[in-house]
$ cat start-v9.cif   # mmCIF, C-alpha atoms and all ligand atoms
data_work
#
loop_
_atom_site.label_atom_id
_atom_site.label_comp_id
_atom_site.auth_asym_id
_atom_site.auth_seq_id
_atom_site.Cartn_x
_atom_site.Cartn_y
_atom_site.Cartn_z
CA MET R 122 -12.81 -16.35 -4.79
CA PHE R 123 -15.40 -14.70 -2.59
CA ASN R 124 -16.70 -11.28 -1.92
CA ILE R 125 -16.30 -10.83 1.80
CA PHE R 126 -19.33 -8.57 1.75
CA GLU R 127 -21.54 -11.32 0.27
CA VAL R 128 -20.38 -13.75 2.92
CA SER R 129 -20.98 -11.40 5.80
CA ALA R 130 -24.31 -10.03 4.57
CA ASN R 131 -26.52 -12.81 5.94
CA ILE R 132 -24.84 -12.75 9.31
CA VAL R 133 -25.23 -9.00 9.56
CA TYR R 134 -28.90 -8.94 8.74
CA MET R 135 -30.12 -12.10 10.48
CA THR R 136 -29.87 -10.34 13.80
CA ASP R 137 -29.16 -6.76 14.75
CA SER R 138 -26.68 -7.90 17.37
CA GLU R 139 -24.03 -9.33 15.07
CA PRO R 140 -22.07 -6.36 13.81
CA LYS R 141 -18.63 -8.04 13.97
CA ASP R 142 -18.24 -8.94 10.30
CA ALA R 143 -19.66 -5.64 9.21
CA ASP R 144 -17.20 -3.74 11.39
CA GLU R 145 -14.40 -5.91 10.09
CA LEU R 146 -15.26 -5.20 6.46
CA MET R 147 -15.59 -1.45 7.03
CA GLY R 148 -12.28 -1.54 8.93
CA LYS R 149 -10.60 -3.24 5.98
CA ILE R 150 -11.99 -0.72 3.50
CA VAL R 151 -11.03 2.28 5.66
CA SER R 152 -7.49 1.02 6.19
CA LEU R 153 -7.04 0.12 2.52
CA CYS R 154 -8.18 3.65 1.60
CA LYS R 155 -5.56 5.13 3.90
CA ARG R 156 -2.74 2.68 3.12
CA ARG R 157 -3.11 3.09 -0.63
CA GLY R 158 -3.71 6.81 -0.69
CA PHE R 159 -7.44 7.03 -1.48
CA VAL R 160 -8.95 8.76 1.56
CA PHE R 161 -7.53 10.21 4.79
CA GLN R 162 -9.24 11.54 7.89
CA GLY R 163 -9.63 15.34 7.67
CA SER R 164 -7.20 17.40 9.81
CA GLU R 165 -5.75 14.12 11.05
CA ILE R 166 -2.57 15.47 12.70
CA TYR R 167 -4.74 17.73 14.90
CA GLY R 168 -7.00 14.91 16.03
CA GLY R 169 -9.35 15.18 13.03
CA LEU R 170 -12.59 17.05 12.46
CA ALA R 171 -15.60 14.75 12.59
CA GLY R 172 -17.40 14.33 9.28
CA THR R 173 -14.54 15.54 7.06
CA TYR R 174 -12.19 13.55 4.84
CA ASP R 175 -9.26 14.44 2.59
CA TRP R 176 -8.84 12.71 -0.74
CA GLY R 177 -5.50 11.33 -1.90
CA HIS R 178 -4.23 10.73 -5.42
CA PHE R 179 -6.19 7.55 -6.20
CA GLY R 180 -9.31 8.73 -4.37
CA VAL R 181 -9.39 11.90 -6.44
CA ALA R 182 -8.92 9.86 -9.61
CA LEU R 183 -11.78 7.55 -8.63
CA LYS R 184 -14.10 10.44 -7.81
CA ASN R 185 -13.17 12.22 -11.04
CA ASN R 186 -13.95 9.13 -13.08
CA ILE R 187 -17.35 8.78 -11.40
CA LYS R 188 -18.15 12.46 -11.94
CA GLN R 189 -16.96 12.43 -15.55
CA ASN R 190 -18.95 9.32 -16.32
CA TRP R 191 -22.02 10.96 -14.80
CA TRP R 192 -21.50 14.20 -16.75
CA LYS R 193 -20.96 12.32 -19.99
CA ARG R 194 -24.18 10.36 -19.60
CA PHE R 195 -26.47 13.06 -18.23
CA VAL R 196 -25.09 16.23 -19.84
CA ASP R 197 -22.78 15.61 -22.81
CA SER R 198 -24.88 12.86 -24.42
CA ARG R 199 -28.13 14.81 -24.24
CA LYS R 200 -29.53 17.88 -25.91
CA ASP R 201 -31.97 18.87 -23.17
CA MET R 202 -29.49 19.40 -20.32
CA TYR R 203 -27.63 22.57 -19.28
CA GLY R 204 -24.56 22.31 -17.07
CA LEU R 205 -23.86 24.80 -14.28
CA ASP R 206 -21.23 25.48 -11.66
CA THR R 207 -22.76 27.94 -9.22
CA ALA R 208 -21.26 29.69 -6.20
CA ILE R 209 -21.24 27.83 -2.91
CA LEU R 210 -21.72 31.17 -1.12
CA MET R 211 -25.23 32.47 -1.72
CA ASN R 212 -27.33 35.32 -0.42
CA GLY R 213 -29.01 34.29 2.85
CA LYS R 214 -32.38 35.17 1.30
CA VAL R 215 -32.07 32.11 -0.96
CA TRP R 216 -32.25 29.84 2.09
CA GLU R 217 -35.14 31.82 3.60
CA ALA R 218 -37.14 31.60 0.36
CA ALA R 219 -36.30 27.93 -0.22
CA GLY R 220 -37.74 27.04 3.19
CA HIS R 221 -34.42 25.74 4.50
CA VAL R 222 -34.08 28.27 7.34
CA ALA R 223 -37.41 27.09 8.71
CA ASN R 224 -37.31 23.41 7.78
CA PHE R 225 -33.83 22.02 7.10
CA ALA R 226 -33.56 20.45 10.51
CA ASP R 227 -33.05 17.22 12.41
CA SER R 228 -34.32 16.38 15.84
CA LEU R 229 -31.89 16.92 18.73
CA ASP R 230 -33.08 16.29 22.29
CA GLY R 231 -36.66 16.66 21.09
CA LYS R 232 -35.96 20.07 19.53
CA LYS R 233 -35.45 21.05 15.91
CA PHE R 234 -31.77 21.59 15.09
CA ASN R 235 -31.09 23.34 11.78
CA THR R 236 -28.30 21.45 10.05
CA MET R 237 -27.18 24.26 7.74
CA LEU R 238 -23.71 25.61 8.56
CA LYS R 239 -24.08 29.29 9.38
CA ILE R 240 -21.52 31.73 7.98
CA GLN R 241 -20.77 35.45 8.13
CA VAL R 242 -19.96 37.06 4.81
CA GLY R 243 -18.26 40.46 4.66
CA ALA R 244 -15.62 42.27 6.69
CA LYS R 245 -16.96 45.63 7.93
CA LYS R 246 -19.48 45.38 10.75
CA GLU R 247 -22.26 47.13 8.86
CA GLU R 248 -21.70 44.94 5.79
CA VAL R 249 -21.63 41.56 7.50
CA ALA R 250 -24.38 39.32 6.19
CA ILE R 251 -25.50 36.03 7.66
CA SER R 252 -25.81 33.13 5.28
CA TYR R 253 -25.24 29.39 5.13
CA LEU R 254 -22.96 27.00 3.27
CA ARG R 255 -25.25 25.33 0.75
CA PRO R 256 -26.73 22.07 2.05
CA GLU R 257 -27.69 21.07 -1.52
CA THR R 258 -26.41 22.20 -4.92
CA ALA R 259 -30.01 22.41 -6.17
CA GLN R 260 -30.72 26.02 -5.12
CA GLY R 261 -27.81 27.30 -7.23
CA MET R 262 -29.65 25.92 -10.22
CA PHE R 263 -33.13 27.18 -9.29
CA VAL R 264 -31.94 30.75 -8.79
CA ASN R 265 -30.37 30.65 -12.28
CA PHE R 266 -33.55 29.47 -13.94
CA LYS R 267 -34.18 32.79 -15.69
CA ASN R 268 -30.55 33.07 -16.85
CA ILE R 269 -30.67 29.65 -18.48
CA VAL R 270 -34.04 30.32 -20.12
CA ASP R 271 -32.87 33.70 -21.45
CA ALA R 272 -29.52 32.38 -22.67
CA PHE R 273 -30.63 29.11 -24.29
CA HIS R 274 -34.42 29.37 -24.88
CA PRO R 275 -34.97 25.73 -23.92
CA LYS R 276 -38.33 24.05 -24.50
CA LEU R 277 -39.92 21.95 -21.76
CA PRO R 278 -38.92 19.41 -20.69
CA PHE R 279 -35.31 20.40 -20.03
CA GLY R 280 -32.85 20.07 -17.19
CA MET R 281 -29.99 21.68 -15.36
CA ALA R 282 -27.11 19.68 -13.94
CA GLN R 283 -24.43 20.50 -11.43
CA VAL R 284 -21.68 18.74 -9.52
CA GLY R 285 -20.32 20.35 -6.39
CA LYS R 286 -19.75 20.42 -2.68
CA ALA R 287 -22.56 20.56 -0.12
CA PHE R 288 -22.31 21.04 3.63
CA ARG R 289 -24.45 19.91 6.52
CA ASN R 290 -23.84 20.27 10.22
CA GLU R 291 -24.82 16.63 10.76
CA ILE R 292 -25.63 15.86 14.39
CA ALA R 293 -23.89 12.50 14.20
CA PRO R 294 -21.45 12.19 11.29
CA ARG R 295 -20.56 8.52 10.96
CA ASP R 296 -19.81 5.46 8.88
CA PHE R 297 -16.79 6.77 6.99
CA LEU R 298 -17.90 8.52 3.77
CA PHE R 299 -21.59 7.82 4.39
CA ARG R 300 -22.54 10.73 6.62
CA GLN R 301 -20.14 13.66 6.42
CA ARG R 302 -20.37 17.36 7.12
CA GLU R 303 -18.74 18.24 3.80
CA PHE R 304 -19.54 16.07 0.79
CA GLU R 305 -20.23 16.24 -2.91
CA GLN R 306 -23.43 15.96 -4.90
CA MET R 307 -24.30 15.44 -8.56
CA GLU R 308 -27.78 16.85 -9.09
CA ILE R 309 -30.27 17.34 -11.87
CA GLU R 310 -33.30 19.62 -11.78
CA TYR R 311 -35.55 18.47 -14.62
CA PHE R 312 -38.32 20.93 -15.50
CA VAL R 313 -41.55 19.51 -16.88
CA LYS R 314 -45.19 20.48 -17.45
CA LYS R 315 -47.26 19.73 -14.35
CA GLY R 316 -49.27 16.97 -16.03
CA ASP R 317 -46.10 15.15 -17.10
CA TRP R 318 -44.49 14.70 -13.70
CA GLU R 319 -45.39 11.05 -13.22
CA LYS R 320 -44.05 10.10 -16.65
CA TYR R 321 -40.70 11.78 -15.98
CA PHE R 322 -40.49 10.47 -12.44
CA GLU R 323 -40.61 6.94 -13.90
CA TYR R 324 -38.15 7.88 -16.62
CA TRP R 325 -35.56 9.19 -14.13
CA ARG R 326 -36.09 6.20 -11.88
CA GLY R 327 -34.88 4.02 -14.75
CA GLU R 328 -31.97 6.34 -15.53
CA ILE R 329 -30.74 6.28 -11.92
CA LEU R 330 -30.79 2.48 -11.81
CA GLU R 331 -29.03 2.18 -15.17
CA TRP R 332 -26.25 4.56 -14.21
CA THR R 333 -25.80 2.87 -10.83
CA GLU R 334 -25.22 -0.40 -12.64
CA GLU R 335 -23.06 1.22 -15.33
CA ILE R 336 -20.40 2.39 -12.87
CA GLY R 337 -20.20 -1.05 -11.26
CA ILE R 338 -22.26 -0.86 -8.05
CA ASN R 339 -23.56 -4.31 -7.06
CA MET R 340 -27.26 -4.15 -8.06
CA GLY R 341 -28.01 -7.14 -5.83
CA LYS R 342 -27.53 -4.71 -2.93
CA VAL R 343 -29.64 -1.84 -4.31
CA TYR R 344 -33.25 -1.40 -3.21
CA GLU R 345 -35.92 1.17 -3.97
CA LEU R 346 -37.81 2.69 -1.06
CA GLU R 347 -40.95 4.79 -1.37
CA VAL R 348 -40.36 7.47 1.29
CA SER R 349 -43.34 8.02 3.58
CA ASP R 350 -45.14 11.37 3.92
CA ALA R 351 -43.61 11.88 7.36
CA ASP R 352 -40.05 11.29 6.18
CA ARG R 353 -40.06 13.39 3.00
CA ALA R 354 -38.18 16.69 2.76
CA HIS R 355 -40.29 19.85 3.05
CA TYR R 356 -40.21 20.45 -0.71
CA SER R 357 -41.19 17.01 -1.96
CA LYS R 358 -44.56 15.42 -2.87
CA ARG R 359 -43.02 12.08 -3.77
CA THR R 360 -39.56 10.74 -2.97
CA MET R 361 -37.94 7.48 -3.86
CA ASP R 362 -34.71 6.53 -2.16
CA PHE R 363 -32.31 4.16 -3.83
CA GLU R 364 -30.82 2.30 -0.91
CA PHE R 365 -27.70 0.19 -0.65
CA ASP R 366 -26.96 -2.67 1.72
CA TYR R 367 -23.96 -1.16 3.51
CA PRO R 368 -22.37 -3.32 6.22
CA PHE R 369 -23.94 -0.94 8.79
CA GLY R 370 -27.44 -1.34 7.36
CA ARG R 371 -29.63 -0.65 4.36
CA LYS R 372 -29.49 3.10 3.84
CA GLU R 373 -29.82 5.81 1.21
CA LEU R 374 -27.43 5.87 -1.72
CA PHE R 375 -29.20 8.17 -4.19
CA GLY R 376 -32.60 9.89 -4.30
CA LEU R 377 -35.36 10.96 -6.65
CA ALA R 378 -37.84 13.68 -5.66
CA TYR R 379 -40.86 15.33 -7.20
CA ARG R 380 -40.30 18.89 -5.98
CA THR R 381 -43.46 20.20 -7.70
CA ASP R 382 -43.29 23.95 -8.45
CA PHE R 383 -42.26 24.58 -4.84
CA ASP R 384 -38.82 26.11 -5.51
CA LEU R 385 -39.58 28.19 -8.62
CA LYS R 386 -42.72 29.51 -6.93
CA ASN R 387 -40.79 30.49 -3.80
CA HIS R 388 -38.16 32.27 -5.88
CA GLN R 389 -40.96 33.89 -7.93
CA LEU R 390 -39.70 32.51 -11.21
CA ASP R 391 -41.80 31.42 -14.15
CA TYR R 392 -41.56 30.30 -17.75
CA THR R 393 -43.28 31.56 -20.90
CA ASP R 394 -44.07 29.00 -23.53
CA GLU R 395 -42.72 30.54 -26.75
CA GLU R 396 -45.41 29.00 -28.97
CA SER R 397 -48.53 29.59 -26.90
CA ALA R 398 -47.19 32.64 -24.98
CA GLU R 399 -48.68 31.00 -21.92
CA LYS R 400 -46.97 31.72 -18.57
CA ILE R 401 -46.50 28.67 -16.36
CA ILE R 402 -44.46 27.51 -13.42
CA PRO R 403 -42.77 24.28 -14.46
CA HIS R 404 -42.67 21.34 -12.09
CA VAL R 405 -39.42 19.67 -11.10
CA ILE R 406 -38.19 16.09 -10.99
CA GLU R 407 -34.89 15.89 -9.13
CA PRO R 408 -32.53 12.93 -9.41
CA THR R 409 -29.74 13.42 -6.86
CA PHE R 410 -26.55 11.44 -6.39
CA GLY R 411 -23.96 11.64 -3.60
CA VAL R 412 -20.44 11.28 -4.99
CA ASP R 413 -19.04 10.05 -1.67
CA ARG R 414 -21.78 7.46 -1.20
CA ALA R 415 -21.19 6.31 -4.78
CA VAL R 416 -17.50 5.82 -3.89
CA LEU R 417 -18.37 3.93 -0.70
CA ALA R 418 -20.92 1.67 -2.43
CA LEU R 419 -18.41 1.06 -5.22
CA LEU R 420 -15.64 0.13 -2.79
CA LEU R 421 -18.02 -2.25 -1.02
CA SER R 422 -19.19 -3.73 -4.34
CA THR R 423 -15.70 -4.31 -5.72
CA TYR R 424 -13.75 -5.45 -2.65
CA PHE R 425 -12.81 -9.10 -2.94
CA GLU R 426 -10.39 -11.41 -1.22
CA ASP R 427 -8.98 -14.66 -2.57
CA GLU R 428 -6.02 -16.98 -2.13
CA LYS R 429 -3.07 -16.78 -4.47
CA ASN R 430 -0.06 -19.06 -3.86
CA GLY R 431 -1.14 -19.69 -0.28
CA GLU R 432 -1.47 -15.97 0.48
CA THR R 433 -4.66 -13.99 0.94
CA ARG R 434 -4.87 -11.08 -1.43
CA ALA R 435 -7.37 -8.24 -1.45
CA TYR R 436 -8.36 -6.52 -4.65
CA LEU R 437 -10.79 -3.92 -5.93
CA LYS R 438 -12.57 -5.13 -9.04
CA PHE R 439 -13.24 -1.71 -10.58
CA LYS R 440 -14.38 -1.50 -14.17
CA PRO R 441 -11.41 -0.26 -16.22
CA ASN R 442 -13.14 3.03 -17.11
CA ILE R 443 -13.76 3.78 -13.41
CA ALA R 444 -10.46 2.46 -11.96
CA PRO R 445 -8.11 5.21 -10.73
CA VAL R 446 -5.27 3.56 -12.64
CA ILE R 447 -5.74 1.69 -15.92
CA CYS R 448 -2.33 0.08 -15.95
CA ALA R 449 0.97 -0.01 -14.08
CA VAL R 450 4.24 -0.36 -15.97
CA SER R 451 7.23 -2.14 -14.40
CA PRO R 452 10.71 -3.12 -15.45
CA LEU R 453 11.29 -6.65 -14.10
CA LEU R 454 14.42 -5.42 -12.30
CA LYS R 455 14.94 -1.81 -11.41
CA ASN R 456 18.74 -2.05 -11.44
CA LYS R 457 18.96 -3.18 -15.08
CA SER R 458 19.19 0.03 -17.05
CA GLU R 459 18.26 -1.59 -20.40
CA LEU R 460 14.97 -2.84 -18.90
CA VAL R 461 14.26 0.48 -17.19
CA GLU R 462 14.98 2.46 -20.33
CA TYR R 463 12.82 0.23 -22.54
CA ALA R 464 9.96 0.22 -20.00
CA ASN R 465 10.08 3.97 -19.68
CA MET R 466 10.58 5.11 -23.27
CA LYS R 467 8.69 2.47 -25.23
CA VAL R 468 5.89 1.55 -22.84
CA PHE R 469 5.29 4.02 -20.00
CA VAL R 470 5.70 7.32 -21.86
CA PRO R 471 3.45 6.45 -24.84
CA LEU R 472 0.76 4.84 -22.64
CA LYS R 473 0.85 7.76 -20.21
CA ALA R 474 0.41 10.21 -23.09
CA GLU R 475 -2.54 8.20 -24.42
CA PHE R 476 -4.41 7.30 -21.22
CA GLY R 477 -3.10 9.52 -18.42
CA ARG R 478 -4.13 7.06 -15.70
CA VAL R 479 -0.93 5.03 -16.01
CA ILE R 480 1.64 4.63 -13.23
CA TRP R 481 5.24 3.56 -12.95
CA ASP R 482 5.82 0.91 -10.30
CA ASP R 483 9.30 -0.52 -9.69
CA ASN R 484 9.08 -0.83 -5.92
CA GLY R 485 9.77 -4.28 -4.39
CA ASN R 486 9.57 -7.60 -6.19
CA ILE R 487 6.96 -8.36 -8.84
CA GLY R 488 4.72 -10.22 -6.37
CA LYS R 489 4.63 -7.17 -4.08
CA ARG R 490 3.88 -4.87 -7.00
CA TYR R 491 0.95 -7.07 -8.07
CA ARG R 492 -0.46 -7.07 -4.51
CA ARG R 493 -0.20 -3.29 -4.35
CA GLN R 494 -1.84 -2.79 -7.75
CA ASP R 495 -4.59 -5.28 -6.82
CA GLU R 496 -5.45 -3.15 -3.80
CA ILE R 497 -5.54 -0.01 -5.93
CA GLY R 498 -7.78 -1.88 -8.36
CA THR R 499 -5.46 -1.55 -11.37
CA PRO R 500 -6.85 -3.88 -14.05
CA PHE R 501 -3.54 -4.47 -15.88
CA CYS R 502 0.10 -4.75 -14.84
CA ILE R 503 2.60 -4.59 -17.67
CA VAL R 504 6.08 -6.01 -17.10
CA VAL R 505 9.12 -5.48 -19.31
CA ASP R 506 11.58 -8.39 -19.00
CA PHE R 507 14.64 -9.70 -20.86
CA ASP R 508 12.53 -11.30 -23.61
CA THR R 509 11.05 -7.89 -24.33
CA LEU R 510 14.46 -6.68 -25.45
CA THR R 511 14.58 -9.29 -28.19
CA ASP R 512 10.95 -9.81 -29.26
CA ASP R 513 9.22 -6.53 -28.34
CA THR R 514 6.52 -8.26 -26.30
CA VAL R 515 5.53 -7.59 -22.69
CA THR R 516 3.65 -9.50 -20.03
CA VAL R 517 0.17 -8.15 -19.30
CA ARG R 518 -1.23 -9.55 -16.08
CA ASP R 519 -4.98 -9.48 -15.44
CA ARG R 520 -6.00 -8.28 -11.95
CA ASP R 521 -9.05 -10.54 -11.57
CA THR R 522 -7.76 -13.85 -12.90
CA GLY R 523 -4.04 -13.36 -12.28
CA GLU R 524 -3.51 -14.69 -15.84
CA GLN R 525 -0.65 -13.38 -17.92
CA GLU R 526 -0.50 -12.80 -21.66
CA ARG R 527 2.37 -11.80 -23.93
CA ILE R 528 1.37 -8.79 -26.00
CA LYS R 529 3.33 -7.00 -28.72
CA VAL R 530 4.37 -3.54 -27.52
CA LYS R 531 3.01 -2.00 -30.71
CA ASN R 532 -0.44 -3.49 -29.95
CA LEU R 533 -0.63 -2.34 -26.30
CA LYS R 534 -2.59 0.86 -26.89
CA ASN R 535 -5.30 -0.92 -28.85
CA TYR R 536 -5.37 -3.80 -26.38
CA ILE R 537 -6.07 -1.38 -23.53
CA LYS R 538 -8.48 0.75 -25.55
CA GLU R 539 -10.62 -2.31 -26.24
CA LYS R 540 -10.65 -3.22 -22.56
CA ILE R 541 -11.72 0.19 -21.30
CA GLN R 542 -14.66 0.73 -23.64
N1 LIG R 601 -31.22 18.28 -3.47
C1 LIG R 601 -31.78 17.15 -2.82
C2 LIG R 601 -30.97 16.66 -1.72
O1 LIG R 601 -30.01 17.28 -1.31
P1 LIG R 601 -30.70 14.60 -0.09
O2 LIG R 601 -31.34 13.24 -0.14
O3 LIG R 601 -30.77 15.35 1.20
O4 LIG R 601 -31.39 15.43 -1.25
C3 LIG R 601 -28.89 14.02 -1.82
O5 LIG R 601 -29.18 14.49 -0.54
C4 LIG R 601 -27.76 12.99 -1.79
O6 LIG R 601 -26.61 13.56 -1.17
C5 LIG R 601 -28.08 11.75 -0.98
O7 LIG R 601 -28.79 10.79 -1.74
C6 LIG R 601 -26.71 11.26 -0.59
O8 LIG R 601 -26.15 10.49 -1.64
C7 LIG R 601 -25.92 12.55 -0.45
N2 LIG R 601 -25.78 12.98 0.96
C8 LIG R 601 -26.70 13.60 1.71
N3 LIG R 601 -26.24 13.85 2.95
C9 LIG R 601 -24.98 13.37 2.99
C10 LIG R 601 -23.95 13.34 4.00
N4 LIG R 601 -24.13 13.87 5.20
N5 LIG R 601 -22.75 12.76 3.68
C11 LIG R 601 -22.55 12.23 2.47
N6 LIG R 601 -23.47 12.25 1.48
C12 LIG R 601 -24.68 12.80 1.73
#
$ encode --input "start-v9.cif" --output "structure tokens"
Amino acid sequence: MFNIFEVSANIVYMTDSEPKDADELMGKIVSLCKRRGFVFQGSEIYGGLAGTYDWGHFGVALKNNIKQNWWKRFVDSRKDMYGLDTAILMNGKVWEAAGHVANFADSLDGKKFNTMLKIQVGAKKEEVAISYLRPETAQGMFVNFKNIVDAFHPKLPFGMAQVGKAFRNEIAPRDFLFRQREFEQMEIEYFVKKGDWEKYFEYWRGEILEWTEEIGINMGKVYELEVSDADRAHYSKRTMDFEFDYPFGRKELFGLAYRTDFDLKNHQLDYTDEESAEKIIPHVIEPTFGVDRAVLALLLSTYFEDEKNGETRAYLKFKPNIAPVICAVSPLLKNKSELVEYANMKVFVPLKAEFGRVIWDDNGNIGKRYRRQDEIGTPFCIVVDFDTLTDDTVTVRDRDTGEQERIKVKNLKNYIKEKIQ
């Protein structure tokens, strides 16, 4: 068993001129994503639109699991975090005040090119307002600072969290999900007293690394980079990038920024300490995570190939709580009604009701079904055969080892529950 990524890594980074293996791996991931219904090129039948992708059934499930896991850890399990879901369309003045109209730019032919996507809001000529699709979810949170303080009376430190789409008119969208024009972010704005910023910067640095590991990204490929003064965004006094060794190079996965009081000051927002009645502008530590880059890093971390019965098989070694499908249920033969009925009524329906992420797979022979489920990353395949009809046991086949166990049907739910914890 080998991870093709591990094998190719040395070759890729020994010289810059050896991209073959890297291209091959990315090609395999991209075609698996299409073949198995994870990710498709955006507007494909019209020749595509660069930097956009459409998500299929298993891709949506994977993204949802990542987002839910993130929300559970950073919002639901804490008492100092307030969730938001703010409008993507915002008043153009937000982007003026936030400094994005002047500074959110990349260099194009030696000139500054603003990468915000410009929009016109309103129908009648005199009412049309110019704005931009948000290039970060962060500003939706900053402009709601007063609403959150008035509604919940939080004490410092506290945070706001949001998951949502962001848009950038990237000059060169590339590398599959890595650099898109429409993508998704999971962001936290954590408000602290000025003197505490270093303490909380360190704290969030640890949280980012822990969560990255928790969802199953290969930590051997994750590196921290202190971003230089010249490369930091206009709002940041200190930025740490969490980079990943993608086949196309070591590049940003997630980020952590000390945004100071830059944003609240620009929006003219402040905070009154309820005990001391002192008015202050809190400082902000911002951990930010790209959903799409998390998916890409996860695909690259979990893609393995090995040999089974003289055949090469590819599989995605997702953790069961992140996998788009927890288990597939199959009758050994799809033309034997007693097997189909048992598999459906006594196995599929109850497991589906309990876990949701359960699929029915009776297409092709068992070997083909296993190969398909391996590529989807399904940890368990459950097969109902003729023995099942007499002893109420089923075969549970493990994705990673290929080993099979007989399990009592009445114990299946608990068996799976234990595995997905
Ligand atoms: N609010 C801070 C902010 O937006 P950023 O580093 O520009 O910071 C945050 O973006 C995260 O969003 C990145 O770490 C990355 O994961 C993701 N991201 C940024 N641009 C992207 C793009 N063009 N395509 C996909 N993901 C992107």
$ residues_near_ligand --input "start-v9.cif" --ligand "ligand LIG 601 (chain R)" --cutoff "6 Å" --atoms "all atoms listed in the file" --output "ChimeraX atom specification"
/R:257,259,299-302,304,306,373-376,409-411,413-414
$ residues_near_point --input "start-v9.cif" --point "(9.4, -1.5, -25.6)" --cutoff "10 Å" --atoms "only C-alpha atoms" --output "list in words"
Leu460, Val461, Glu462, Tyr463, Ala464, Asn465, Met466, Lys467, Val468, Phe469, Pro471, Val505, Asp506, Thr509, Leu510, Thr511, Asp512, Asp513, Thr514, Val515, Lys529, Val530 and Lys531 of chain R
$ write_last_selection --input "start-v9.cif" --atoms "C-alpha atoms" --output "mmCIF file, in the frame of the given file"
data_model
loop_
_atom_site.group_PDB
_atom_site.id
_atom_site.type_symbol
_atom_site.label_atom_id
_atom_site.label_comp_id
_atom_site.auth_asym_id
_atom_site.auth_seq_id
_atom_site.Cartn_x
_atom_site.Cartn_y
_atom_site.Cartn_z
ATOM 1 C CA LEU R 460 14.970 -2.840 -18.900
ATOM 2 C CA VAL R 461 14.260 0.480 -17.190
ATOM 3 C CA GLU R 462 14.980 2.460 -20.330
ATOM 4 C CA TYR R 463 12.820 0.230 -22.540
ATOM 5 C CA ALA R 464 9.960 0.220 -20.000
ATOM 6 C CA ASN R 465 10.080 3.970 -19.680
ATOM 7 C CA MET R 466 10.580 5.110 -23.270
ATOM 8 C CA LYS R 467 8.690 2.470 -25.230
ATOM 9 C CA VAL R 468 5.890 1.550 -22.840
ATOM 10 C CA PHE R 469 5.290 4.020 -20.000
ATOM 11 C CA PRO R 471 3.450 6.450 -24.840
ATOM 12 C CA VAL R 505 9.120 -5.480 -19.310
ATOM 13 C CA ASP R 506 11.580 -8.390 -19.000
ATOM 14 C CA THR R 509 11.050 -7.890 -24.330
ATOM 15 C CA LEU R 510 14.460 -6.680 -25.450
ATOM 16 C CA THR R 511 14.580 -9.290 -28.190
ATOM 17 C CA ASP R 512 10.950 -9.810 -29.260
ATOM 18 C CA ASP R 513 9.220 -6.530 -28.340
ATOM 19 C CA THR R 514 6.520 -8.260 -26.300
ATOM 20 C CA VAL R 515 5.530 -7.590 -22.690
ATOM 21 C CA LYS R 529 3.330 -7.000 -28.720
ATOM 22 C CA VAL R 530 4.370 -3.540 -27.520
ATOM 23 C CA LYS R 531 3.010 -2.000 -30.710
#
$ closest_residue --input "start-v9.cif" --among "R:Tyr356, R:Arg326, R:Gly158, R:Tyr424" --to "Ile338 of chain R" --atoms "all atoms listed in the file"
R:Tyr424
$ residues_around --input "start-v9.cif" --residues "Glu396 of chain R" --least-positions-apart "6" --cutoff "12 Å" --atoms "only C-alpha atoms" --output "list in words"
His274, Lys276 and Leu277 of chain R
$ closest_residue --input "start-v9.cif" --among "R:His388, R:Ala449, R:Thr236, R:Ile528" --to "Pro294 of chain R" --atoms "only C-alpha atoms"
R:Thr236
$ residues_around --input "start-v9.cif" --residues "Gln260 of chain R" --least-positions-apart "2" --cutoff "10 Å" --atoms "all atoms listed in the file" --output "list in words"
Thr207, Ile209, Met211, Val215, Trp216, Ala219, Arg255, Pro256, Glu257, Thr258, Met262, Phe263, Val264, Asn265, Phe266, Glu310, Asp384, Leu385 and His388 of chain R
$ residues_around --input "start-v9.cif" --residues "Thr516 of chain R" --least-positions-apart "5" --cutoff "6 Å" --atoms "only C-alpha atoms" --output "list in words"
Ile503, Val504, Glu526 and Arg527 of chain R
$ residues_around --input "start-v9.cif" --residues "segment 193-205 of chain R" --least-positions-apart "6" --cutoff "7 Å" --atoms "only C-alpha atoms" --output "PyMOL selection string"
chain R and resi 279-283
$ closest_residue --input "start-v9.cif" --among "R:Ala354, R:Ala378, R:Val160, R:Ile541" --to "Gly220 of chain R" --atoms "only C-alpha atoms"
R:Ala354
$ atom_distance --input "start-v9.cif" --atom1 "atom CA of Val405 of chain R" --atom2 "atom CA of Thr381 of chain R"
5.3 Å
$ axis_aligned_box --input "start-v9.cif" --around "segment 220-237 of chain R" --padding-each-side "3 Å" --output "JSON"
{"center_x": -32.5, "center_y": 22.3, "center_z": 12.7, "size_x": 16.6, "size_y": 18.0, "size_z": 25.1}
$ atom_distance --input "start-v9.cif" --atom1 "atom CA of Pro408 of chain R" --atom2 "atom CA of Leu377 of chain R"
4.4 Å
$ closest_residue --input "start-v9.cif" --among "R:Gly172, R:Gly431, R:Gly523, R:Pro445" --to "Asn290 of chain R" --atoms "only C-alpha atoms"
R:Gly172
$ residues_around --input "start-v9.cif" --residues "Ile406 of chain R" --least-positions-apart "5" --cutoff "10 Å" --atoms "all atoms listed in the file" --output "MDAnalysis selection string"
chainID R and resid 280 309:313 318:319 321:325 357 359:360 377:382
